[in-house]
$ cat data_15.pdb   # PDB, C-alpha atoms and all ligand atoms
ATOM      1  CA  MET D   8     149.002  49.400  85.035
ATOM      2  CA  VAL D   9     149.590  49.273  88.765
ATOM      3  CA  LYS D  10     146.139  47.782  89.145
ATOM      4  CA  MET D  11     146.884  45.186  86.502
ATOM      5  CA  VAL D  12     150.184  44.216  88.173
ATOM      6  CA  LEU D  13     148.400  44.004  91.523
ATOM      7  CA  ALA D  14     145.691  41.831  90.003
ATOM      8  CA  ILE D  15     148.304  39.507  88.526
ATOM      9  CA  MET D  16     150.150  39.330  91.852
ATOM     10  CA  ILE D  17     146.946  38.546  93.737
ATOM     11  CA  SER D  18     146.013  35.963  91.148
ATOM     12  CA  LEU D  19     149.447  34.345  91.366
ATOM     13  CA  SER D  20     149.436  34.306  95.161
ATOM     14  CA  TYR D  21     145.913  32.795  95.192
ATOM     15  CA  GLN D  22     147.027  30.073  92.808
ATOM     16  CA  GLY D  23     150.114  29.671  94.949
ATOM     17  CA  PHE D  24     148.009  28.594  97.924
ATOM     18  CA  ALA D  25     145.874  26.209  95.924
ATOM     19  CA  GLN D  26     147.747  23.056  95.043
ATOM     20  CA  GLY D  27     145.055  21.577  92.868
ATOM     21  CA  SER D  28     142.550  22.346  90.122
ATOM     22  CA  PHE D  29     139.322  22.181  92.111
ATOM     23  CA  ALA D  30     137.256  24.242  94.547
ATOM     24  CA  PRO D  31     138.879  24.990  97.949
ATOM     25  CA  GLN D  32     137.777  24.083 101.474
ATOM     26  CA  ALA D  33     134.606  25.518 103.069
ATOM     27  CA  GLY D  34     135.168  29.113 104.091
ATOM     28  CA  GLU D  35     137.752  29.728 101.364
ATOM     29  CA  LEU D  36     137.122  32.004  98.379
ATOM     30  CA  GLY D  37     135.573  29.957  95.569
ATOM     31  CA  SER D  38     134.485  27.007  97.722
ATOM     32  CA  THR D  39     131.354  25.172  96.565
ATOM     33  CA  ALA D  40     130.571  23.871 100.072
ATOM     34  CA  ILE D  41     126.891  24.223 101.058
ATOM     35  CA  PRO D  42     126.176  24.926 104.752
ATOM     36  CA  LYS D  43     123.815  22.369 106.319
ATOM     37  CA  ASP D  44     121.284  25.067 107.233
ATOM     38  CA  SER D  45     120.972  26.336 103.651
ATOM     39  CA  ALA D  46     117.363  26.858 102.527
ATOM     40  CA  CYS D  47     118.199  25.013  99.286
ATOM     41  CA  PHE D  48     117.687  21.614 100.954
ATOM     42  CA  ARG D  49     114.127  20.348 100.415
ATOM     43  CA  ASP D  50     114.543  16.740 101.515
ATOM     44  CA  TRP D  51     116.898  14.487 103.496
ATOM     45  CA  ALA D  52     117.380  10.719 103.499
ATOM     46  CA  ILE D  53     114.535   8.816 105.175
ATOM     47  CA  SER D  54     116.313   5.450 105.165
ATOM     48  CA  CYS D  55     119.877   4.190 105.133
ATOM     49  CA  SER D  56     121.291   0.671 105.007
ATOM     50  CA  VAL D  57     124.991   0.043 105.627
ATOM     51  CA  GLU D  58     127.362  -2.783 104.745
ATOM     52  CA  ARG D  59     130.404  -2.080 106.892
ATOM     53  CA  GLY D  60     133.904  -2.604 105.609
ATOM     54  CA  LEU D  61     136.893  -3.916 107.506
ATOM     55  CA  ARG D  62     138.794  -1.498 109.744
ATOM     56  CA  GLN D  63     141.795  -2.365 107.609
ATOM     57  CA  ALA D  64     141.424  -3.935 104.170
ATOM     58  CA  GLY D  65     143.449  -7.127 103.923
ATOM     59  CA  VAL D  66     143.582  -7.662 107.705
ATOM     60  CA  LEU D  67     140.621  -9.944 108.386
ATOM     61  CA  ASP D  68     141.009  -9.922 112.173
ATOM     62  CA  SER D  69     140.937  -6.105 112.230
ATOM     63  CA  GLY D  70     137.157  -6.519 112.504
ATOM     64  CA  TYR D  71     134.591  -4.204 111.002
ATOM     65  CA  ALA D  72     134.132  -0.480 111.524
ATOM     66  CA  ASN D  73     131.405  -0.103 114.155
ATOM     67  CA  ALA D  74     131.006   3.544 115.126
ATOM     68  CA  GLY D  75     127.524   5.016 114.853
ATOM     69  CA  VAL D  76     124.418   3.398 113.387
ATOM     70  CA  ALA D  77     122.831   3.652 109.943
ATOM     71  CA  VAL D  78     119.954   5.844 111.115
ATOM     72  CA  TYR D  79     122.502   8.584 111.940
ATOM     73  CA  ALA D  80     122.750   9.194 108.176
ATOM     74  CA  THR D  81     119.037  10.024 107.891
ATOM     75  CA  GLY D  82     117.540  13.462 108.435
ATOM     76  CA  PRO D  83     119.424  16.766 108.365
ATOM     77  CA  ALA D  84     123.194  16.895 108.862
ATOM     78  CA  ASP D  85     123.915  16.660 112.588
ATOM     79  CA  ALA D  86     127.511  15.440 112.997
ATOM     80  CA  PRO D  87     128.881  14.106 115.343
ATOM     81  CA  LEU D  88     125.974  11.686 114.723
ATOM     82  CA  THR D  89     127.527   9.748 111.822
ATOM     83  CA  VAL D  90     127.916   6.128 110.709
ATOM     84  CA  SER D  91     131.435   4.854 109.919
ATOM     85  CA  LEU D  92     131.762   2.697 106.812
ATOM     86  CA  GLY D  93     135.235   1.129 107.182
ATOM     87  CA  ASP D  94     137.415   0.241 104.178
ATOM     88  CA  SER D  95     135.193   0.016 101.070
ATOM     89  CA  GLY D  96     132.046   0.028 103.236
ATOM     90  CA  VAL D  97     128.794   0.958 101.478
ATOM     91  CA  ALA D  98     125.746   2.999 102.508
ATOM     92  CA  THR D  99     122.548   3.099 100.426
ATOM     93  CA  LEU D 100     120.027   5.853 101.066
ATOM     94  CA  MET D 101     116.446   6.558  99.989
ATOM     95  CA  PHE D 102     114.347   9.722 100.183
ATOM     96  CA  SER D 103     110.794  11.047 100.623
ATOM     97  CA  ALA D 104     110.521  11.469  96.841
ATOM     98  CA  PRO D 105     112.706  11.079  93.734
ATOM     99  CA  PHE D 106     114.990  13.954  92.754
ATOM    100  CA  TYR D 107     116.060  15.302  89.395
ATOM    101  CA  ASP D 108     118.721  17.077  87.376
ATOM    102  CA  GLY D 109     117.676  20.699  87.774
ATOM    103  CA  GLU D 110     119.763  23.815  87.611
ATOM    104  CA  GLY D 111     123.124  23.537  89.394
ATOM    105  CA  PRO D 112     123.897  20.946  92.087
ATOM    106  CA  ASP D 113     121.069  18.512  92.811
ATOM    107  CA  PHE D 114     122.157  17.069  96.181
ATOM    108  CA  ALA D 115     124.976  17.211  98.715
ATOM    109  CA  VAL D 116     126.768  14.691 100.950
ATOM    110  CA  PHE D 117     127.950  15.509 104.486
ATOM    111  CA  GLU D 118     130.868  13.918 106.402
ATOM    112  CA  ASN D 119     132.594  14.860 109.670
ATOM    113  CA  GLY D 120     135.974  16.185 108.465
ATOM    114  CA  PHE D 121     137.661  18.907 110.483
ATOM    115  CA  GLY D 122     140.242  21.641 110.063
ATOM    116  CA  THR D 123     140.487  24.864 108.096
ATOM    117  CA  GLY D 124     141.667  25.879 104.650
ATOM    118  CA  SER D 125     144.075  23.434 103.085
ATOM    119  CA  ASP D 126     144.797  21.953 106.519
ATOM    120  CA  ALA D 127     141.813  19.662 107.003
ATOM    121  CA  PHE D 128     141.423  15.997 107.897
ATOM    122  CA  LEU D 129     139.254  14.444 105.186
ATOM    123  CA  GLU D 130     138.070  10.902 104.483
ATOM    124  CA  LEU D 131     136.712  10.357 101.002
ATOM    125  CA  ALA D 132     134.013   8.268  99.342
ATOM    126  CA  PHE D 133     132.649   7.621  95.869
ATOM    127  CA  VAL D 134     129.056   8.686  95.178
ATOM    128  CA  GLU D 135     126.656   6.748  92.965
ATOM    129  CA  VAL D 136     122.984   7.199  92.087
ATOM    130  CA  SER D 137     120.243   4.946  90.774
ATOM    131  CA  SER D 138     116.735   5.379  89.398
ATOM    132  CA  ASP D 139     115.727   1.729  89.933
ATOM    133  CA  GLY D 140     117.670   0.592  93.031
ATOM    134  CA  GLU D 141     119.523  -1.931  90.868
ATOM    135  CA  HIS D 142     121.775  -0.083  88.418
ATOM    136  CA  PHE D 143     124.057   2.462  90.089
ATOM    137  CA  VAL D 144     126.121   5.019  88.156
ATOM    138  CA  ARG D 145     129.211   6.543  89.808
ATOM    139  CA  PHE D 146     130.095  10.225  89.624
ATOM    140  CA  PRO D 147     133.395  10.657  87.777
ATOM    141  CA  ALA D 148     135.800  11.236  90.684
ATOM    142  CA  PHE D 149     139.056  13.144  90.283
ATOM    143  CA  SER D 150     142.047  13.011  92.622
ATOM    144  CA  GLU D 151     145.266  14.982  92.220
ATOM    145  CA  ILE D 152     146.570  13.930  95.649
ATOM    146  CA  PRO D 153     150.203  12.879  95.097
ATOM    147  CA  THR D 154     150.631   9.108  95.317
ATOM    148  CA  THR D 155     154.368   8.819  95.978
ATOM    149  CA  THR D 156     153.981   8.230  99.734
ATOM    150  CA  GLN D 157     151.013   6.792 101.623
ATOM    151  CA  LYS D 158     148.928   9.494 103.330
ATOM    152  CA  ALA D 159     149.169   8.669 107.039
ATOM    153  CA  SER D 160     146.195   7.795 109.258
ATOM    154  CA  PHE D 161     145.696  11.383 110.472
ATOM    155  CA  GLU D 162     147.274  13.370 107.658
ATOM    156  CA  ASN D 163     145.437  16.358 106.186
ATOM    157  CA  THR D 164     144.302  16.851 102.596
ATOM    158  CA  ASP D 165     143.919  19.994 100.475
ATOM    159  CA  ALA D 166     140.344  20.093  99.123
ATOM    160  CA  THR D 167     141.533  21.643  95.843
ATOM    161  CA  LEU D 168     143.024  18.253  94.957
ATOM    162  CA  VAL D 169     139.717  16.373  94.694
ATOM    163  CA  HIS D 170     136.410  16.660  92.840
ATOM    164  CA  ASN D 171     133.214  14.584  92.896
ATOM    165  CA  LEU D 172     134.292  12.771  96.051
ATOM    166  CA  ALA D 173     132.162  12.959  99.208
ATOM    167  CA  GLY D 174     134.149  14.046 102.272
ATOM    168  CA  LYS D 175     135.906  16.876 100.399
ATOM    169  CA  TYR D 176     134.464  19.411 102.864
ATOM    170  CA  ILE D 177     134.534  19.606 106.657
ATOM    171  CA  ALA D 178     131.594  18.738 108.939
ATOM    172  CA  HIS D 179     128.312  20.604 108.457
ATOM    173  CA  HIS D 180     129.340  21.585 104.915
ATOM    174  CA  GLY D 181     127.850  19.548 102.072
ATOM    175  CA  VAL D 182     129.798  18.467  99.007
ATOM    176  CA  PRO D 183     127.528  19.278  96.034
ATOM    177  CA  PHE D 184     126.846  16.801  93.229
ATOM    178  CA  ASP D 185     125.307  17.754  89.881
ATOM    179  CA  LEU D 186     123.557  14.961  87.974
ATOM    180  CA  SER D 187     124.495  16.708  84.709
ATOM    181  CA  GLU D 188     128.099  15.573  85.337
ATOM    182  CA  LEU D 189     127.085  11.919  84.971
ATOM    183  CA  PRO D 190     127.449  10.162  81.634
ATOM    184  CA  ASN D 191     124.173   9.536  79.811
ATOM    185  CA  THR D 192     123.129   5.905  79.978
ATOM    186  CA  THR D 193     119.936   3.990  79.362
ATOM    187  CA  VAL D 194     120.101   2.443  82.846
ATOM    188  CA  LEU D 195     119.708   5.794  84.620
ATOM    189  CA  ASP D 196     116.852   8.298  84.508
ATOM    190  CA  LYS D 197     118.433  11.534  85.721
ATOM    191  CA  GLN D 198     114.999  13.077  86.149
ATOM    192  CA  ARG D 199     113.907  10.415  88.627
ATOM    193  CA  ILE D 200     116.725   9.434  90.981
ATOM    194  CA  THR D 201     115.568   7.245  93.873
ATOM    195  CA  HIS D 202     118.783   6.007  95.556
ATOM    196  CA  VAL D 203     122.176   7.398  96.534
ATOM    197  CA  ARG D 204     125.034   5.019  97.315
ATOM    198  CA  ILE D 205     128.197   6.032  99.170
ATOM    199  CA  VAL D 206     131.264   3.782  98.746
ATOM    200  CA  ASP D 207     134.304   4.342 100.963
ATOM    201  CA  VAL D 208     137.594   5.104  99.230
ATOM    202  CA  ILE D 209     140.082   2.704 100.846
ATOM    203  CA  GLY D 210     142.929   5.136 100.337
ATOM    204  CA  SER D 211     145.791   2.659 100.248
ATOM    205  CA  ILE D 212     148.375   3.189  97.509
ATOM    206  CA  ASP D 213     149.231  -0.529  97.699
ATOM    207  CA  ALA D 214     147.817  -1.973  94.463
ATOM    208  CA  ALA D 215     146.444  -4.932  96.438
ATOM    209  CA  TYR D 216     143.885  -2.675  98.179
ATOM    210  CA  ALA D 217     143.887   0.544  96.174
ATOM    211  CA  THR D 218     140.834   2.347  94.816
ATOM    212  CA  TYR D 219     140.991   4.496  91.679
ATOM    213  CA  ASP D 220     139.473   7.693  90.329
ATOM    214  CA  SER D 221     137.721   8.073  86.968
ATOM    215  CA  GLN D 222     141.075   8.620  85.229
ATOM    216  CA  GLY D 223     142.506   5.359  86.558
ATOM    217  CA  GLY D 224     144.695   7.151  89.107
ATOM    218  CA  LEU D 225     145.227   5.890  92.670
ATOM    219  CA  ILE D 226     143.357   7.820  95.379
ATOM    220  CA  ASN D 227     145.686   8.431  98.315
ATOM    221  CA  ASP D 228     143.525   8.892 101.421
ATOM    222  CA  PRO D 229     144.504   8.514 105.128
ATOM    223  CA  TRP D 230     145.241   4.797 105.611
ATOM    224  CA  PRO D 231     145.218   2.529 107.470
ATOM    225  CA  THR D 232     142.358   3.613 109.745
ATOM    226  CA  ASN D 233     142.232   0.471 111.868
ATOM    227  CA  PHE D 234     139.721   1.568 114.508
ATOM    228  CA  GLY D 235     135.940   1.577 115.145
ATOM    229  CA  PRO D 236     135.292   4.897 113.390
ATOM    230  CA  GLY D 237     137.554   3.948 110.456
ATOM    231  CA  GLY D 238     136.719   4.901 106.898
ATOM    232  CA  PHE D 239     134.157   7.393 105.632
ATOM    233  CA  ASP D 240     131.860   8.788 108.343
ATOM    234  CA  LEU D 241     128.498   9.500 106.707
ATOM    235  CA  ASP D 242     126.478  12.260 108.342
ATOM    236  CA  ALA D 243     123.670  13.041 105.867
ATOM    237  CA  VAL D 244     122.549  13.414 102.261
ATOM    238  CA  GLY D 245     120.522  16.556 101.505
ATOM    239  CA  ILE D 246     118.409  16.866  98.349
ATOM    240  CA  ILE D 247     118.121  20.193  96.538
ATOM    241  CA  ASN D 248     116.146  19.387  93.365
ATOM    242  CA  SER D 249     113.549  17.185  95.009
ATOM    243  CA  SER D 250     110.303  16.319  93.270
ATOM    244  CA  ILE D 251     108.402  16.141  96.525
ATOM    245  CA  PRO D 252     104.816  16.324  95.268
ATOM    246  CA  ILE D 253     102.332  19.016  96.085
ATOM    247  CA  GLY D 254     102.813  19.531  99.776
ATOM    248  CA  ILE D 255     100.122  20.206 102.316
ATOM    249  CA  HIS D 256     101.592  21.205 105.615
ATOM    250  CA  SER D 257      99.768  22.233 108.728
ATOM    251  CA  VAL D 258     101.186  25.547 109.809
ATOM    252  CA  GLY D 259      99.051  26.144 112.873
ATOM    253  CA  SER D 260      95.523  26.702 114.090
ATOM    254  CA  LYS D 261      93.374  29.613 115.108
ATOM    255  CA  GLU D 262      90.197  29.155 117.137
ATOM    256  CA  ASP D 263      88.361  26.338 115.317
ATOM    257  CA  LYS D 264      90.274  26.888 112.070
ATOM    258  CA  THR D 265      93.278  24.900 110.955
ATOM    259  CA  LEU D 266      95.783  26.639 108.712
ATOM    260  CA  PHE D 267      97.628  24.868 105.943
ATOM    261  CA  SER D 268     100.196  25.988 103.450
ATOM    262  CA  ILE D 269     100.021  24.308 100.079
ATOM    263  CA  ASP D 270     103.056  24.140  97.836
ATOM    264  CA  LEU D 271     101.413  23.899  94.420
ATOM    265  CA  LEU D 272     104.500  23.265  92.319
ATOM    266  CA  GLY D 273     106.301  21.024  94.746
ATOM    267  CA  ARG D 274     108.845  23.817  95.025
ATOM    268  CA  GLU D 275     109.132  26.323  97.794
ATOM    269  CA  SER D 276     108.350  30.028  97.728
ATOM    270  CA  GLU D 277     106.498  31.739  94.848
ATOM    271  CA  SER D 278     103.474  29.490  94.611
ATOM    272  CA  VAL D 279     102.549  29.040  98.257
ATOM    273  CA  HIS D 280      98.896  29.685  99.026
ATOM    274  CA  LEU D 281      97.411  29.827 102.465
ATOM    275  CA  LEU D 282      94.046  28.122 102.868
ATOM    276  CA  GLN D 283      91.852  28.087 105.930
ATOM    277  CA  TYR D 284      89.386  25.367 106.791
ATOM    278  CA  ASP D 285      86.892  25.062 109.576
ATOM    279  CA  ALA D 286      86.579  21.961 111.737
ATOM    280  CA  LYS D 287      84.214  20.325 109.189
ATOM    281  CA  GLY D 288      86.743  20.731 106.414
ATOM    282  CA  ASN D 289      84.935  23.586 104.654
ATOM    283  CA  LYS D 290      87.267  26.054 103.002
ATOM    284  CA  TYR D 291      86.395  29.600 103.947
ATOM    285  CA  LEU D 292      89.370  31.701 103.001
ATOM    286  CA  THR D 293      92.091  31.530 100.380
ATOM    287  CA  THR D 294      94.906  33.995 100.173
ATOM    288  CA  PRO D 295      97.121  34.195  97.096
TER
HETATM  289 CA    CA D 301     121.844  19.622  88.114
HETATM  290 CA    CA D 302     123.893  12.468 110.849
END

$ encode --input "data_15.pdb" --output "structure tokens"
Amino acid sequence: MVKMVLAIMISLSYQGFAQGSFAPQAGELGSTAIPKDSACFRDWAISCSVERGLRQAGVLDSGYANAGVAVYATGPADAPLTVSLGDSGVATLMFSAPFYDGEGPDFAVFENGFGTGSDAFLELAFVEVSSDGEHFVRFPAFSEIPTTTQKASFENTDATLVHNLAGKYIAHHGVPFDLSELPNTTVLDKQRITHVRIVDVIGSIDAAYATYDSQGGLINDPWPTNFGPGGFDLDAVGIINSSIPIGIHSVGSKEDKTLFSIDLLGRESESVHLLQYDAKGNKYLTTP
């Protein structure tokens, strides 16, 4: 009985900390954040194009966000090297190979938020994917951030209040996205995704500039952010369920022999064979 009461008290106090329905910030119990160095990442963006948004939507002479360059969103997560999108700015990324809806999350998006627990500065963005570079389908985003007063330019956000929005987690911690959470549609092949598009959430609760979640609710995000690094700061997109084809990677050389590892299933681990070739390309040793 004592144990049961204790369990209920712990459960109540845990829920007491969490304001919202979703997973908490990186480092907190139950967080879904994926550290950038996780071995689950098999591929990273190889190209990124950016259409910057204004520093402040509705204020034309605010100019465009200009911090960073698009190439900072390619390769592994390495914030502070990020590209700032500005209000409703868009980044479109491509990869070494298509990726697919496998078990669990299929890719993750990295931003440069900072802070700990529920006290973190976060800038949010919608995430969309495409299998033809033309039709993009948006992940159903959820925001429970109260919308009674505008979140100020440097105000913090509790990660438990948002789901399926990039920027939910602090720098060097990826926000996972699972293709199985997308609606089925004939314009998207979930087993062959080729593009990821990131669209900045403006964050204003003024209906003239507001952006909305999948339930039609306003998303209240720090705003205005009228400066060069305004809006979502994209660091990287890491792919988990990549269909990188059979890989042949040089892993070193020994005397006149070159060593390769061959990834026969396009997946890491179990099926790696080590082959050795001489300088003429003749195979002379295979290890299982
Ligand atoms: Ca999946
Ligand atoms: Ca980066």

$ closest_residue --input "data_15.pdb" --among "D:Ala159, D:Ala98, D:Leu129, D:Ala115" --to "ligand CA 301 (chain D)" --atoms "all atoms listed in the file"
D:Ala115

$ resolve_selection --input "data_15.pdb" --expression "the PyMOL selection byres (((not hetatm)) within 9 of (chain D and resi 301))" --output "list in words"
Tyr107, Asp108, Gly109, Glu110, Gly111, Pro112, Asp113, Phe114, Phe184, Asp185, Leu186, Ser187, Glu188 and Asn248 of chain D

$ axis_aligned_box --input "data_15.pdb" --around "stretch 162-174 of chain D" --padding-each-side "5 Å" --output "lines of an AutoDock Vina configuration file"
center_x = 139.7
center_y = 17.2
center_z = 100.2
size_x = 25.1
size_y = 18.9
size_z = 24.8

$ resolve_selection --input "data_15.pdb" --expression "the PyMOL selection byres (((not hetatm)) within 12 of (chain D and resi 302))" --output "PyMOL selection string"
chain D and resi 43+51-55+75-91+116-119+178-179+181+240-245

$ closest_residue --input "data_15.pdb" --among "D:Ile246, D:Ala72, D:Ala40, D:Cys47" --to "D:Ile200" --atoms "all atoms listed in the file"
D:Ile246

$ closest_residue --input "data_15.pdb" --among "D:Ile209, D:Val136, D:Met101, D:Ala127" --to "D:Gln32" --atoms "only C-alpha atoms"
D:Ala127

$ resolve_selection --input "data_15.pdb" --expression "the PyMOL selection byres (((chain D and resi 205) around 6) and not hetatm)" --output "PyMOL selection string"
chain D and resi 97-98+133-134+204+206

$ closest_residue --input "data_15.pdb" --among "D:Gln26, D:Ile247, D:Gly174, D:Ser160" --to "D:Ala46" --atoms "only C-alpha atoms"
D:Ile247

$ residues_around --input "data_15.pdb" --residues "D:Val169" --least-positions-apart "4" --cutoff "9 Å" --atoms "all atoms listed in the file" --output "list in words"
Gly27, Ser28, Phe29, Ala30, Ala148, Phe149, Ser150, Glu151, Ile152, Asp165 and Lys175 of chain D

$ residues_around --input "data_15.pdb" --residues "D:Phe146" --least-positions-apart "5" --cutoff "7 Å" --atoms "all atoms listed in the file" --output "NGL selection string"
:D and (134-135 or 171 or 189)

$ atom_distance --input "data_15.pdb" --atom1 "atom CA of D:Asn233" --atom2 "atom CA of D:Pro153"
22.3 Å

$ residues_near_point --input "data_15.pdb" --point "(147.1, 6.8, 110.7)" --cutoff "9 Å" --atoms "only C-alpha atoms" --output "compact mmCIF listing (two decimals) with C-alpha atoms, in the frame of the given file"
# COMPACT_ATOMS: atom_id res chain seq x y z
CA LYS D 158 148.93 9.49 103.33
CA ALA D 159 149.17 8.67 107.04
CA SER D 160 146.20 7.80 109.26
CA PHE D 161 145.70 11.38 110.47
CA GLU D 162 147.27 13.37 107.66
CA PRO D 229 144.50 8.51 105.13
CA TRP D 230 145.24 4.80 105.61
CA PRO D 231 145.22 2.53 107.47
CA THR D 232 142.36 3.61 109.74
CA ASN D 233 142.23 0.47 111.87

$ decode --input "data_15.pdb" --residues "stretch 63-75 of chain D" --atoms "N, CA, C and O atoms" --output "CSV table (one decimal), in the first residue's frame"
chain,number,residue,atom,x,y,z
D,63,GLN,N,10.8,40.1,-39.7
D,63,GLN,CA,9.5,40.3,-39.1
D,63,GLN,C,8.4,40.3,-40.1
D,63,GLN,O,8.3,41.3,-40.9
D,64,ALA,N,7.6,39.3,-40.1
D,64,ALA,CA,6.5,39.2,-41.1
D,64,ALA,C,5.6,40.5,-41.0
D,64,ALA,O,5.3,41.0,-39.9
D,65,GLY,N,5.3,41.0,-42.1
D,65,GLY,CA,4.4,42.2,-42.2
D,65,GLY,C,5.2,43.5,-42.1
D,65,GLY,O,4.7,44.6,-42.4
D,66,VAL,N,6.5,43.5,-41.9
D,66,VAL,CA,7.4,44.7,-41.8
D,66,VAL,C,8.4,44.5,-42.9
D,66,VAL,O,9.5,43.9,-42.8
D,67,LEU,N,8.0,45.0,-44.1
D,67,LEU,CA,8.9,44.8,-45.3
D,67,LEU,C,10.3,45.3,-45.2
D,67,LEU,O,11.2,44.7,-45.6
D,68,ASP,N,10.5,46.5,-44.5
D,68,ASP,CA,11.8,47.0,-44.4
D,68,ASP,C,12.6,46.4,-43.2
D,68,ASP,O,13.7,46.8,-42.9
D,69,SER,N,12.1,45.3,-42.6
D,69,SER,CA,12.8,44.6,-41.6
D,69,SER,C,14.0,43.8,-42.3
D,69,SER,O,14.9,43.4,-41.6
D,70,GLY,N,13.8,43.6,-43.6
D,70,GLY,CA,14.9,42.9,-44.3
D,70,GLY,C,14.7,41.4,-44.0
D,70,GLY,O,13.8,40.9,-43.3
D,71,TYR,N,15.6,40.6,-44.7
D,71,TYR,CA,15.5,39.1,-44.5
D,71,TYR,C,16.5,38.6,-43.5
D,71,TYR,O,17.5,39.2,-43.3
D,72,ALA,N,16.1,37.5,-42.9
D,72,ALA,CA,17.1,36.8,-42.0
D,72,ALA,C,18.3,36.5,-42.8
D,72,ALA,O,18.2,36.2,-44.0
D,73,ASN,N,19.5,36.7,-42.2
D,73,ASN,CA,20.7,36.4,-43.0
D,73,ASN,C,21.8,35.7,-42.3
D,73,ASN,O,22.9,35.6,-42.8
D,74,ALA,N,21.5,35.2,-41.1
D,74,ALA,CA,22.6,34.5,-40.4
D,74,ALA,C,22.9,33.1,-41.0
D,74,ALA,O,21.9,32.4,-41.4
D,75,GLY,N,24.1,32.7,-41.1
D,75,GLY,CA,24.5,31.4,-41.6
D,75,GLY,C,24.3,31.3,-43.1
D,75,GLY,O,23.9,32.2,-43.8
